[in-house]
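What follows is the content of run-v3.csv (CSV, C-alpha atoms).
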chain,number,residue,atom,x,y,z
B,1,MET,CA,-3.3,-27.1,-27.7
B,2,ASP,CA,-1.8,-27.4,-24.2
B,3,SER,CA,-3.9,-26.4,-21.3
B,4,VAL,CA,-0.8,-25.7,-19.2
B,5,LYS,CA,2.9,-25.4,-20.0
B,6,THR,CA,6.2,-24.5,-18.4
B,7,ILE,CA,7.9,-21.4,-19.8
B,8,ARG,CA,11.4,-20.3,-19.1
B,9,ASN,CA,12.7,-17.3,-21.1
B,10,GLY,CA,15.9,-15.5,-20.4
B,11,THR,CA,17.5,-15.5,-16.9
B,12,LYS,CA,16.3,-14.6,-13.5
B,13,VAL,CA,16.4,-10.8,-12.8
B,14,PRO,CA,18.2,-9.7,-9.6
B,15,ALA,CA,15.5,-9.3,-7.0
B,16,VAL,CA,15.0,-6.4,-4.5
B,17,PHE,CA,14.8,-8.9,-1.7
B,18,SER,CA,17.3,-11.7,-1.0
B,19,ASP,CA,16.7,-15.4,-1.2
B,20,ALA,CA,17.2,-15.6,2.5
B,21,GLU,CA,14.4,-13.0,3.0
B,22,MET,CA,12.0,-14.8,0.8
B,23,ALA,CA,12.8,-18.2,2.3
B,24,GLY,CA,12.2,-16.7,5.8
B,25,ARG,CA,8.7,-15.6,4.8
B,26,LEU,CA,7.9,-19.1,3.5
B,27,ALA,CA,9.2,-20.7,6.7
B,28,LYS,CA,6.8,-18.6,8.8
B,29,LEU,CA,3.9,-19.4,6.4
B,30,ARG,CA,4.7,-23.2,6.5
B,31,ALA,CA,4.9,-23.1,10.3
B,32,HIS,CA,1.4,-21.5,10.3
B,33,MET,CA,0.2,-24.2,7.9
B,34,ALA,CA,1.5,-26.9,10.1
B,35,ALA,CA,-0.1,-25.4,13.2
B,36,GLU,CA,-3.5,-25.3,11.4
B,37,SER,CA,-3.2,-28.7,9.6
B,38,ILE,CA,-3.2,-27.0,6.2
B,39,ASP,CA,-1.8,-29.1,3.4
B,40,ALA,CA,-1.5,-26.4,0.7
B,41,VAL,CA,-2.3,-22.7,0.2
B,42,LEU,CA,-3.7,-21.0,-2.9
B,43,PHE,CA,-3.0,-17.3,-2.8
B,44,THR,CA,-4.9,-15.2,-5.4
B,45,SER,CA,-4.3,-11.6,-4.2
B,46,TYR,CA,-1.8,-9.1,-5.5
B,47,HIS,CA,-0.3,-8.5,-2.1
B,48,ASN,CA,0.2,-12.1,-1.0
B,49,ILE,CA,1.5,-13.3,-4.3
B,50,ASN,CA,3.9,-10.3,-4.3
B,51,TYR,CA,4.9,-10.9,-0.7
B,52,TYR,CA,5.7,-14.6,-1.1
B,53,ASP,CA,6.9,-14.7,-4.8
B,54,HIS,CA,8.3,-11.2,-5.5
B,55,PHE,CA,6.0,-11.0,-8.5
B,56,LEU,CA,3.3,-8.4,-9.0
B,57,TYR,CA,0.8,-9.4,-11.6
B,58,TYR,CA,-1.5,-7.4,-13.9
B,59,SER,CA,-4.9,-9.2,-13.9
B,60,PHE,CA,-6.7,-7.9,-17.0
B,61,ASN,CA,-9.6,-10.1,-15.8
B,62,ARG,CA,-7.4,-13.2,-15.7
B,63,PRO,CA,-6.9,-15.1,-12.4
B,64,TYR,CA,-3.4,-15.6,-11.0
B,65,GLY,CA,-2.4,-17.8,-8.2
B,66,LEU,CA,0.5,-18.9,-6.0
B,67,VAL,CA,0.4,-22.5,-4.6
B,68,VAL,CA,2.5,-23.1,-1.5
B,69,THR,CA,2.8,-26.7,-0.2
B,70,HIS,CA,5.1,-27.9,2.6
B,71,ASP,CA,7.8,-28.6,0.0
B,72,ALA,CA,7.1,-26.5,-3.1
B,73,ILE,CA,6.0,-23.1,-4.3
B,74,THR,CA,4.6,-22.5,-7.7
B,75,ALA,CA,3.0,-19.4,-9.3
B,76,ILE,CA,0.1,-20.0,-11.7
B,77,VAL,CA,0.3,-17.4,-14.4
B,78,ALA,CA,-1.3,-16.4,-17.7
B,79,ASN,CA,0.3,-17.2,-21.0
B,80,ILE,CA,-0.1,-13.5,-22.0
B,81,ASP,CA,2.9,-12.7,-19.7
B,82,TYR,CA,5.1,-15.4,-21.2
B,83,GLY,CA,8.4,-15.6,-19.4
B,84,GLN,CA,8.2,-12.4,-17.3
B,85,PRO,CA,6.6,-14.0,-14.2
B,86,TRP,CA,9.4,-16.6,-14.0
B,87,ARG,CA,12.2,-14.0,-14.5
B,88,ARG,CA,10.8,-11.8,-11.8
B,89,GLY,CA,9.5,-14.4,-9.3
B,90,PHE,CA,11.0,-16.4,-6.5
B,91,ALA,CA,8.8,-19.4,-7.2
B,92,ALA,CA,8.6,-21.9,-10.1
B,93,THR,CA,5.8,-21.1,-12.6
B,94,LEU,CA,3.1,-23.0,-14.3
B,95,THR,CA,1.5,-21.2,-17.2
B,96,TYR,CA,-2.1,-21.7,-18.3
B,97,THR,CA,-3.3,-20.9,-21.7
B,98,ASP,CA,-6.6,-19.4,-22.8
B,99,TRP,CA,-7.4,-21.8,-25.7
B,100,GLN,CA,-10.2,-23.2,-23.6
B,101,ARG,CA,-12.2,-22.0,-20.6
B,102,ASP,CA,-11.0,-22.7,-17.0
B,103,ASN,CA,-7.4,-23.7,-17.7
B,104,PHE,CA,-6.5,-22.0,-14.5
B,105,SER,CA,-8.5,-24.7,-12.7
B,106,ARG,CA,-6.6,-27.4,-14.5
B,107,ALA,CA,-3.3,-25.8,-13.3
B,108,VAL,CA,-4.6,-25.9,-9.8
B,109,GLN,CA,-5.5,-29.6,-10.1
B,110,GLN,CA,-2.0,-30.3,-11.3
B,111,LEU,CA,-0.4,-28.6,-8.3
B,112,ILE,CA,-2.8,-29.4,-5.4
B,113,PRO,CA,-4.0,-33.0,-4.5
B,114,ASN,CA,-7.7,-33.5,-4.1
B,115,ARG,CA,-7.6,-34.1,-0.4
B,116,GLY,CA,-7.0,-32.4,3.0
B,117,ARG,CA,-7.2,-28.8,3.9
B,118,VAL,CA,-6.4,-25.9,1.4
B,119,GLY,CA,-6.0,-22.3,2.5
B,120,ILE,CA,-7.5,-19.5,0.5
B,121,GLU,CA,-7.9,-15.8,0.9
B,122,THR,CA,-11.6,-15.4,1.7
B,123,ASP,CA,-11.3,-11.6,1.7
B,124,HIS,CA,-10.1,-11.7,-2.0
B,125,ILE,CA,-11.3,-14.7,-3.9
B,126,SER,CA,-14.6,-14.1,-5.7
B,127,VAL,CA,-17.6,-16.4,-5.1
B,128,GLU,CA,-17.4,-17.6,-8.7
B,129,ASN,CA,-13.7,-18.5,-8.4
B,130,ARG,CA,-14.2,-20.2,-5.1
B,131,ASP,CA,-17.0,-22.3,-6.6
B,132,LYS,CA,-14.7,-23.2,-9.5
B,133,LEU,CA,-11.9,-24.1,-7.0
B,134,GLN,CA,-14.3,-26.3,-5.0
B,135,ALA,CA,-15.5,-28.0,-8.2
B,136,ALA,CA,-11.9,-28.7,-9.3
B,137,LEU,CA,-11.0,-30.1,-5.8
B,138,PRO,CA,-14.3,-31.5,-4.5
B,139,ALA,CA,-12.7,-33.5,-1.7
B,140,VAL,CA,-10.8,-30.5,-0.3
B,141,GLU,CA,-11.8,-28.5,2.7
B,142,LEU,CA,-11.3,-24.8,2.0
B,143,VAL,CA,-10.1,-22.7,5.0
B,144,ASP,CA,-9.2,-19.0,5.4
B,145,VAL,CA,-5.5,-18.0,5.6
B,146,ALA,CA,-5.9,-14.3,4.9
B,147,LYS,CA,-6.1,-13.1,8.5
B,148,GLY,CA,-3.2,-15.2,9.6
B,149,CYS,CA,-1.0,-14.0,6.8
B,150,ALA,CA,-2.0,-10.4,7.4
B,151,ARG,CA,-0.8,-10.8,11.0
B,152,MET,CA,2.5,-12.2,9.9
B,153,ARG,CA,3.0,-9.3,7.4
B,154,MET,CA,2.4,-6.7,10.1
B,155,VAL,CA,5.8,-7.1,11.6
B,156,LYS,CA,8.4,-6.2,9.0
B,157,SER,CA,11.9,-7.7,8.4
B,158,ALA,CA,15.1,-5.7,8.3
B,159,GLU,CA,15.1,-5.8,4.5
B,160,GLU,CA,11.5,-4.6,4.3
B,161,ILE,CA,12.3,-1.7,6.7
B,162,ALA,CA,15.3,-0.8,4.6
B,163,LEU,CA,13.2,-0.6,1.4
B,164,ILE,CA,10.5,1.4,3.2
B,165,ARG,CA,13.2,3.9,4.4
B,166,GLN,CA,14.3,4.3,0.8
B,167,GLY,CA,10.7,4.8,-0.3
B,168,ALA,CA,10.2,7.5,2.4
B,169,ARG,CA,13.3,9.3,1.1
B,170,ILE,CA,12.1,9.2,-2.5
B,171,ALA,CA,8.7,10.4,-1.4
B,172,ASP,CA,10.4,13.4,0.2
B,173,LEU,CA,12.1,14.1,-3.2
B,174,GLY,CA,8.7,13.9,-4.9
B,175,GLY,CA,7.4,16.5,-2.4
B,176,ALA,CA,10.2,18.9,-3.1
B,177,ALA,CA,9.5,18.5,-6.9
B,178,CYS,CA,5.8,19.3,-6.2
B,179,VAL,CA,6.8,22.5,-4.5
B,180,GLU,CA,9.2,23.3,-7.2
B,181,ALA,CA,6.5,23.0,-9.9
B,182,VAL,CA,3.7,24.9,-8.1
B,183,ALA,CA,2.8,28.4,-9.3
B,184,GLU,CA,-0.3,30.4,-10.1
B,185,GLY,CA,-2.0,29.1,-13.2
B,186,VAL,CA,-0.2,25.7,-13.3
B,187,PRO,CA,-2.6,22.8,-13.6
B,188,GLU,CA,-2.7,20.1,-11.0
B,189,HIS,CA,-1.7,17.4,-13.5
B,190,GLU,CA,1.5,19.3,-14.5
B,191,VAL,CA,2.6,19.4,-10.9
B,192,ALA,CA,1.8,15.7,-10.5
B,193,LEU,CA,3.7,14.8,-13.6
B,194,HIS,CA,6.8,16.7,-12.5
B,195,ALA,CA,6.9,15.0,-9.1
B,196,THR,CA,6.1,11.5,-10.5
B,197,GLN,CA,9.0,11.8,-13.0
B,198,ALA,CA,11.4,12.8,-10.2
B,199,MET,CA,10.4,9.8,-8.1
B,200,VAL,CA,10.6,7.3,-10.9
B,201,ARG,CA,14.0,8.5,-11.9
B,202,GLU,CA,15.3,8.2,-8.4
B,203,ILE,CA,13.8,4.7,-8.0
B,204,ALA,CA,15.6,3.7,-11.3
B,205,LYS,CA,18.8,5.0,-9.9
B,206,THR,CA,18.5,3.3,-6.5
B,207,TYR,CA,17.1,0.0,-7.7
B,208,PRO,CA,18.3,-0.4,-11.3
B,209,ASP,CA,17.0,-3.9,-11.7
B,210,THR,CA,13.5,-3.4,-10.5
B,211,ASP,CA,10.3,-3.0,-12.4
B,212,LEU,CA,9.2,0.7,-12.7
B,213,MET,CA,5.4,0.5,-12.1
B,214,ASP,CA,2.6,2.2,-10.2
B,215,THR,CA,4.4,5.3,-8.8
B,216,TRP,CA,2.0,8.2,-8.8
B,217,VAL,CA,1.1,11.6,-7.4
B,218,TRP,CA,-2.2,13.1,-6.4
B,219,PHE,CA,-1.8,16.9,-6.3
B,220,GLN,CA,-5.1,18.5,-5.3
B,221,SER,CA,-6.1,22.2,-5.0
B,222,GLY,CA,-9.1,24.1,-3.7
B,223,ILE,CA,-12.3,22.0,-3.5
B,224,ASN,CA,-10.4,19.0,-4.8
B,225,THR,CA,-8.6,18.6,-1.5
B,226,ASP,CA,-11.8,17.5,0.3
B,227,GLY,CA,-11.1,13.7,-0.2
B,228,ALA,CA,-7.9,11.9,0.6
B,229,HIS,CA,-7.9,9.9,-2.7
B,230,ASN,CA,-9.3,12.4,-5.2
B,231,PRO,CA,-7.6,12.1,-8.6
B,232,VAL,CA,-5.6,14.7,-10.3
B,233,THR,CA,-7.5,17.1,-12.5
B,234,THR,CA,-6.8,19.9,-14.9
B,235,ARG,CA,-7.8,22.6,-12.4
B,236,ARG,CA,-5.3,25.5,-12.4
B,237,VAL,CA,-3.8,26.5,-9.1
B,238,ARG,CA,-4.7,30.0,-7.8
B,239,LYS,CA,-3.1,32.3,-5.2
B,240,GLY,CA,-4.6,31.6,-1.7
B,241,ASP,CA,-5.6,28.0,-2.7
B,242,ILE,CA,-5.3,25.2,-0.1
B,243,LEU,CA,-3.2,22.5,-1.7
B,244,SER,CA,-2.7,18.8,-0.9
B,245,LEU,CA,0.5,17.1,-1.9
B,246,ASN,CA,0.4,13.3,-2.1
B,247,CYS,CA,3.5,11.4,-3.3
B,248,PHE,CA,3.5,7.6,-3.7
B,249,PRO,CA,6.7,5.9,-4.9
B,250,MET,CA,6.2,2.2,-5.5
B,251,ILE,CA,9.2,-0.1,-5.2
B,252,ALA,CA,8.7,-3.9,-5.8
B,253,GLY,CA,5.0,-3.5,-4.9
B,254,TYR,CA,5.8,-1.7,-1.7
B,255,TYR,CA,4.0,1.5,-1.0
B,256,THR,CA,5.3,4.6,0.8
B,257,ALA,CA,3.7,8.0,1.0
B,258,LEU,CA,4.2,11.7,1.8
B,259,GLU,CA,1.2,13.8,2.2
B,260,ARG,CA,1.2,17.5,3.2
B,261,THR,CA,-1.1,20.5,3.4
B,262,LEU,CA,0.2,23.6,1.6
B,263,PHE,CA,-1.1,27.0,0.6
B,264,LEU,CA,-0.1,29.0,-2.4
B,265,ASP,CA,1.2,32.5,-1.5
B,266,SER,CA,-1.1,33.2,1.5
B,267,CYS,CA,-3.2,31.5,4.1
B,268,GLY,CA,-6.3,33.2,5.7
B,269,LYS,CA,-6.9,33.4,9.5
B,270,ARG,CA,-9.5,30.6,9.8
B,271,GLU,CA,-7.5,28.4,7.4
B,272,ARG,CA,-4.4,28.8,9.5
B,273,GLU,CA,-6.4,28.0,12.7
B,274,LEU,CA,-7.7,24.8,11.2
B,275,TRP,CA,-4.3,23.9,9.8
B,276,GLU,CA,-2.6,24.4,13.2
B,277,ILE,CA,-5.2,22.3,15.0
B,278,ASN,CA,-4.6,19.4,12.6
B,279,VAL,CA,-0.8,19.8,13.0
B,280,ARG,CA,-1.4,19.6,16.8
B,281,VAL,CA,-3.2,16.3,16.3
B,282,HIS,CA,-0.5,15.1,14.0
B,283,ARG,CA,2.3,15.9,16.5
B,284,ARG,CA,0.4,14.3,19.4
B,285,GLY,CA,-0.3,11.2,17.2
B,286,ILE,CA,3.4,10.8,16.4
B,287,ASP,CA,4.2,10.9,20.2
B,288,LEU,CA,1.6,8.2,20.9
B,289,ILE,CA,3.1,5.7,18.5
B,290,LYS,CA,5.2,3.3,20.6
B,291,PRO,CA,5.3,-0.4,21.5
B,292,GLY,CA,2.5,-1.4,23.8
B,293,ALA,CA,0.0,1.2,22.5
B,294,ARG,CA,-3.3,-0.1,21.2
B,295,CYS,CA,-4.5,1.3,17.9
B,296,LYS,CA,-7.9,2.1,19.3
B,297,ASP,CA,-6.5,4.0,22.2
B,298,ILE,CA,-4.4,6.3,19.9
B,299,ALA,CA,-7.5,7.1,17.9
B,300,LEU,CA,-9.6,7.8,21.0
B,301,GLU,CA,-7.1,10.2,22.5
B,302,LEU,CA,-6.7,12.1,19.3
B,303,ASN,CA,-10.4,12.4,19.0
B,304,GLU,CA,-10.4,14.4,22.2
B,305,ILE,CA,-8.3,17.1,20.6
B,306,TYR,CA,-10.7,17.5,17.7
B,307,LYS,CA,-13.6,17.5,20.2
B,308,THR,CA,-12.2,20.5,22.1
B,309,HIS,CA,-12.3,22.5,18.8
B,310,GLY,CA,-15.7,21.2,17.6
B,311,LEU,CA,-14.1,19.4,14.7
B,312,LEU,CA,-14.6,15.7,15.4
B,313,ASP,CA,-17.3,15.5,12.8
B,314,ALA,CA,-14.9,17.0,10.2
B,315,ARG,CA,-12.6,13.9,10.5
B,316,THR,CA,-12.9,11.8,7.4
B,317,PHE,CA,-11.1,8.5,8.2
B,318,GLY,CA,-8.7,6.7,10.6
B,319,TYR,CA,-5.4,8.2,11.9
B,320,GLY,CA,-3.0,5.8,10.1
B,321,HIS,CA,-2.3,2.4,8.7
B,322,SER,CA,0.3,-0.2,8.1
B,323,PHE,CA,3.0,-0.2,5.4
B,324,GLY,CA,4.4,-2.9,3.2
B,325,THR,CA,3.2,-4.6,0.1
B,326,LEU,CA,0.1,-2.5,-0.7
B,327,CYS,CA,-1.2,0.0,-3.2
B,328,HIS,CA,-4.4,2.0,-4.0
B,329,TYR,CA,-5.7,-1.0,-5.9
B,330,TYR,CA,-4.7,-3.8,-3.6
B,331,GLY,CA,-4.8,-4.6,0.1
B,332,ARG,CA,-2.9,-4.0,3.3
B,333,GLU,CA,-3.1,-5.4,6.9
B,334,ALA,CA,-6.5,-4.0,7.9
B,335,GLY,CA,-5.8,-5.1,11.5
B,336,LEU,CA,-3.1,-2.5,11.8
B,337,GLU,CA,-5.1,0.7,11.3
B,338,LEU,CA,-5.3,3.5,13.9
B,339,ARG,CA,-9.1,3.4,14.3
B,340,GLU,CA,-11.5,3.1,17.2
B,341,ASP,CA,-12.4,-0.5,16.4
B,342,ILE,CA,-8.9,-2.0,16.1
B,343,GLU,CA,-7.5,-3.8,19.2
B,344,THR,CA,-4.0,-4.5,17.8
B,345,VAL,CA,-1.1,-3.7,20.1
B,346,LEU,CA,1.9,-2.1,18.5
B,347,VAL,CA,5.2,-4.0,18.6
B,348,PRO,CA,8.7,-3.3,17.4
B,349,ASP,CA,9.3,-3.5,13.6
B,350,MET,CA,5.8,-2.6,12.7
B,351,VAL,CA,5.6,0.4,10.3
B,352,VAL,CA,2.6,2.7,10.5
B,353,SER,CA,1.6,6.1,9.4
B,354,MET,CA,0.2,9.1,11.3
B,355,GLU,CA,-2.1,11.0,9.0
B,356,PRO,CA,-4.9,13.0,10.6
B,357,MET,CA,-7.3,14.7,8.2
B,358,ILE,CA,-10.3,17.0,8.5
B,359,THR,CA,-12.5,18.4,5.8
B,360,ILE,CA,-14.4,21.7,5.9
B,361,PRO,CA,-17.2,21.8,3.3
B,362,GLU,CA,-17.3,24.4,0.5
B,363,GLY,CA,-19.0,27.6,1.6
B,364,GLU,CA,-17.8,27.4,5.2
B,365,PRO,CA,-14.9,29.5,6.5
B,366,GLY,CA,-11.6,27.7,5.9
B,367,ALA,CA,-13.1,25.2,3.4
B,368,GLY,CA,-10.9,22.4,2.2
B,369,GLY,CA,-9.1,19.3,3.3
B,370,TYR,CA,-6.2,19.4,5.8
B,371,ARG,CA,-3.9,16.4,6.1
B,372,GLU,CA,-0.4,15.6,7.2
B,373,HIS,CA,1.2,12.1,6.8
B,374,ASP,CA,4.5,10.7,8.3
B,375,ILE,CA,5.8,7.1,8.3
B,376,LEU,CA,7.0,5.7,11.6
B,377,VAL,CA,9.1,2.6,12.3
B,378,LEU,CA,8.4,1.0,15.7
B,379,THR,CA,11.6,0.4,17.7
B,380,LYS,CA,12.2,-1.3,21.1
B,381,ASP,CA,11.7,1.9,23.0
B,382,GLY,CA,9.5,4.1,20.8
B,383,ALA,CA,9.3,5.0,17.1
B,384,GLU,CA,11.5,6.6,14.5
B,385,ASN,CA,9.9,9.1,12.1
B,386,ILE,CA,11.5,8.4,8.7
B,387,THR,CA,9.6,11.2,6.9
B,388,LYS,CA,11.8,14.3,6.7
B,389,PHE,CA,9.6,16.7,4.7
B,390,PRO,CA,8.5,19.6,6.9
B,391,PHE,CA,4.9,20.3,7.8
B,392,GLY,CA,2.8,23.2,9.1
B,393,PRO,CA,2.2,26.8,8.2
B,394,GLU,CA,5.7,28.0,9.0
B,395,GLN,CA,7.1,25.7,6.3
B,396,ASN,CA,4.5,25.1,3.7
B,397,ILE,CA,3.0,28.4,2.5
B,398,VAL,CA,4.5,28.2,-1.0
B,399,ARG,CA,5.6,31.3,-2.8
B,400,GLY,CA,4.8,30.3,-6.4

Would you put the structure from the file into structure tokens?
Amino acid sequence: MDSVKTIRNGTKVPAVFSDAEMAGRLAKLRAHMAAESIDAVLFTSYHNINYYDHFLYYSFNRPYGLVVTHDAITAIVANIDYGQPWRRGFAATLTYTDWQRDNFSRAVQQLIPNRGRVGIETDHISVENRDKLQAALPAVELVDVAKGCARMRMVKSAEEIALIRQGARIADLGGAACVEAVAEGVPEHEVALHATQAMVREIAKTYPDTDLMDTWVWFQSGINTDGAHNPVTTRRVRKGDILSLNCFPMIAGYYTALERTLFLDSCGKRERELWEINVRVHRRGIDLIKPGARCKDIALELNEIYKTHGLLDARTFGYGHSFGTLCHYYGREAGLELREDIETVLVPDMVVSMEPMITIPEGEPGAGGYREHDILVLTKDGAENITKFPFGPEQNIVRG
């Protein structure tokens, strides 16, 4: 049987991004390749394949790739997906079969000459797959392109920003659905299901030709609020509970988010003090996001607010991150996180979050996780907050 084949099935599906948008991304990549004397690039990550091909794969332990040369772009896809990668993608496709081992490598050999310099994502490709690639192309020098591509992705295009705006709007609708569903005795998972359905239906209405995949909600209560990424459980919400609302609509592999602290019915004195301190940090962080600001300087200044209240040790992670093609199971531009070790300077058309969080351990007054999250688009003179859902004790003590 064939090791590789070309599959076309049906017709191309209308894409979220225009041909001009996708061609512009490739032009920037090829300029980078020319500057670095790179003859071809083999992407393997979810995020870069999606970014350059408009196709988001499901691995199921199968390798996927996207080969970009100076005159062609071809996705290497598994036969299990048949024609879907071609229908969804911007690139041509070459399908490898699984009738024999390492047919992916045979597809690579068909698309990349065994000479020159080939870019790979050293932060994604496994040691085993890198070794297989080098064995398939023994005369090739493998060089990293992950960091360079991440820097290019940090600055968003007009079409990307338009999609992120829609995602922020849909996340706000999910937040409203969460609040609608919260009541004493309702399990976390029921609240999450209600909000997820609301967002998926709105994505379908707004983008009728897109895949509907990966949209989710984490709705946490009580002790389950202590971590930012704690999964939904069957715990039933009680009056006086601290609640954490986390809505994540996914559109064409692009992540947006709304995260809010709430309380059901009432909020104790110490809980309110902690909540208001975190809101103060949140507001100041929003003010600090502007062109010319360094990520590390934002983090260091916000640390001082927590220090004055003896809460710096309660901080659990950085103050924000980039947006774009990312998800909870694949990457983002790590060089655009608001942390003490990041030197990146903010520029117009970057999109970042402000999301301070503190956690007070169980058994201490005010126990729980407090977190707010807004999305900001950098402009020439400042930043626009595109998250509209209210935050703070005056707005988010829910009467369930």

Q: Identify which of the residues B:Ile289, B:Ala20, B:Met350, B:Ile242 lies closest to Leu264 (chain B), counting only C-alpha atoms when measuring atom-to-atom distances.
A: B:Ile242

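Distances here use only C-alpha atoms; by that measure, the residue among B:Leu111, B:Glu190, B:Val182, B:Ser105 closest to Asp131 (chain B) is B:Ser105.
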
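Reported to one decimal place, the separation of CA of Ala252 (chain B) from CA of His328 (chain B) is 14.5 Å.
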
(Q) Give me the residues near region 46-55 of chain B as an NGL selection string, where near means some atom within 10 Å (using only C-alpha atoms) and where sequence neighbours in that chain fewer than 5 positions away do not count. (A) :B and (15-17 or 21-26 or 29 or 64-68 or 73-75 or 84-92 or 121 or 124 or 146 or 149-150 or 153 or 211 or 252-254 or 324-327 or 329-333)

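Residue nearest Gly335 (chain B), chosen from B:Ala27, B:Leu193, B:Val155, B:Ala181 and counting only C-alpha atoms: B:Val155.
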
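You will find CA of Asn246 (chain B) at 8.8 Å from CA of Ala228 (chain B).
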
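Minimum atom-to-atom distance to Ile112 (chain B), evaluated using all atoms listed in the file, belongs to B:Asp71 out of B:Glu337, B:Asp313, B:Asp71, B:Glu188.
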
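Between Arg165 (chain B) and the candidates B:Gly285, B:Gly382, B:Pro249, B:Pro291, the tightest atom-to-atom separation, counting only C-alpha atoms, involves B:Pro249.
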
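A straight line drawn from CA of Ser3 (chain B) to CA of Thr97 (chain B) is 5.5 Å long.
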
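Proximity to Thr256 (chain B) was assessed for B:Leu288, B:Val143, B:Val352, B:Ala158 counting all atoms listed in the file; the smallest distance is recorded for B:Val352.
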
So that I can see what lies close to Val140 (chain B), please list as a CSV table (one decimal) with C-alpha atoms, in the coordinates of the input the residues with an atom at most 7 Å from it, counting all atoms listed in the file and leaving out residues fewer than 5 positions away in the same chain.
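Saved file result.csv follows:
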chain,number,residue,atom,x,y,z
B,114,ASN,CA,-7.7,-33.5,-4.1
B,115,ARG,CA,-7.6,-34.1,-0.4
B,116,GLY,CA,-7.0,-32.4,3.0
B,117,ARG,CA,-7.2,-28.8,3.9
B,118,VAL,CA,-6.4,-25.9,1.4

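Every protein, DNA or RNA residue with an atom at most 7 Å from Met354 (chain B), where all atoms listed in the file count and chain neighbours fewer than 5 positions away do not, is listed here: His282, Gly285, Ile286, Tyr319, Gly320, His373, Asp374 and Ile375 of chain B.
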
Q.
Show me, as JSON, numbers by chain, the residues that have an atom within 8 Å of Gly392 (chain B) when counting all atoms listed in the file, minus same-chain residues fewer than 4 positions from it.
A. {"B": [261, 262, 275, 276, 279, 396]}

Q | Shell of 12 Å around Pro231 (chain B), only C-alpha atoms, local chain residues under 4 positions omitted, as JSON, numbers by chain | A | {"B": [188, 189, 192, 216, 217, 218, 219, 220, 221, 224, 225, 226, 227, 235, 244, 245, 246, 328]}

Give the padded box for region 117-127 of chain B as AutoDock Vina command-line options: axis-aligned, covering all atoms listed in the file, 8 Å on each side, centre and edge lengths in Å to one decimal.
--center_x -11.8 --center_y -20.2 --center_z -0.9 --size_x 27.6 --size_y 33.2 --size_z 25.6

Q) Once you count only C-alpha atoms, which residues end up no further than 9 Å from (2.2, -3.1, 18.1) in the file's frame, shown as a PyMOL selection string? A) chain B and resi 154-155+289-295+336+344-350+378

Now that the selection is made, can you save its residues with C-alpha atoms as a PDB file, in the frame of the given file?
ATOM      1  CA  MET B 154       2.400  -6.700  10.100  1.00  0.00           C
ATOM      2  CA  VAL B 155       5.800  -7.100  11.600  1.00  0.00           C
ATOM      3  CA  ILE B 289       3.100   5.700  18.500  1.00  0.00           C
ATOM      4  CA  LYS B 290       5.200   3.300  20.600  1.00  0.00           C
ATOM      5  CA  PRO B 291       5.300  -0.400  21.500  1.00  0.00           C
ATOM      6  CA  GLY B 292       2.500  -1.400  23.800  1.00  0.00           C
ATOM      7  CA  ALA B 293       0.000   1.200  22.500  1.00  0.00           C
ATOM      8  CA  ARG B 294      -3.300  -0.100  21.200  1.00  0.00           C
ATOM      9  CA  CYS B 295      -4.500   1.300  17.900  1.00  0.00           C
ATOM     10  CA  LEU B 336      -3.100  -2.500  11.800  1.00  0.00           C
ATOM     11  CA  THR B 344      -4.000  -4.500  17.800  1.00  0.00           C
ATOM     12  CA  VAL B 345      -1.100  -3.700  20.100  1.00  0.00           C
ATOM     13  CA  LEU B 346       1.900  -2.100  18.500  1.00  0.00           C
ATOM     14  CA  VAL B 347       5.200  -4.000  18.600  1.00  0.00           C
ATOM     15  CA  PRO B 348       8.700  -3.300  17.400  1.00  0.00           C
ATOM     16  CA  ASP B 349       9.300  -3.500  13.600  1.00  0.00           C
ATOM     17  CA  MET B 350       5.800  -2.600  12.700  1.00  0.00           C
ATOM     18  CA  LEU B 378       8.400   1.000  15.700  1.00  0.00           C
TER      19      LEU B 378
END

Atoms are missing here; could region 79-84 of chain B be completed with N, CA, C and O atoms and written as a PDB file, in the coordinates of the input?
ATOM      1  N   ASN B  79      -0.613 -17.092 -19.865  1.00  0.00           N
ATOM      2  CA  ASN B  79       0.300 -17.200 -21.000  1.00  0.00           C
ATOM      3  C   ASN B  79       0.602 -15.830 -21.626  1.00  0.00           C
ATOM      4  O   ASN B  79       1.644 -15.647 -22.262  1.00  0.00           O
ATOM      5  N   ILE B  80      -0.298 -14.859 -21.421  1.00  0.00           N
ATOM      6  CA  ILE B  80      -0.100 -13.500 -22.000  1.00  0.00           C
ATOM      7  C   ILE B  80       1.193 -12.892 -21.495  1.00  0.00           C
ATOM      8  O   ILE B  80       1.808 -12.073 -22.188  1.00  0.00           O
ATOM      9  N   ASP B  81       1.653 -13.276 -20.284  1.00  0.00           N
ATOM     10  CA  ASP B  81       2.900 -12.700 -19.700  1.00  0.00           C
ATOM     11  C   ASP B  81       4.133 -13.450 -20.110  1.00  0.00           C
ATOM     12  O   ASP B  81       5.236 -13.017 -19.766  1.00  0.00           O
ATOM     13  N   TYR B  82       4.000 -14.561 -20.735  1.00  0.00           N
ATOM     14  CA  TYR B  82       5.100 -15.400 -21.200  1.00  0.00           C
ATOM     15  C   TYR B  82       6.131 -15.650 -20.114  1.00  0.00           C
ATOM     16  O   TYR B  82       5.810 -16.207 -19.070  1.00  0.00           O
ATOM     17  N   GLY B  83       7.376 -15.217 -20.304  1.00  0.00           N
ATOM     18  CA  GLY B  83       8.400 -15.600 -19.400  1.00  0.00           C
ATOM     19  C   GLY B  83       8.645 -14.582 -18.220  1.00  0.00           C
ATOM     20  O   GLY B  83       9.431 -14.852 -17.301  1.00  0.00           O
ATOM     21  N   GLN B  84       7.954 -13.443 -18.252  1.00  0.00           N
ATOM     22  CA  GLN B  84       8.200 -12.400 -17.300  1.00  0.00           C
ATOM     23  C   GLN B  84       7.931 -12.845 -15.812  1.00  0.00           C
ATOM     24  O   GLN B  84       8.729 -12.551 -14.916  1.00  0.00           O
TER      25      GLN B  84
END
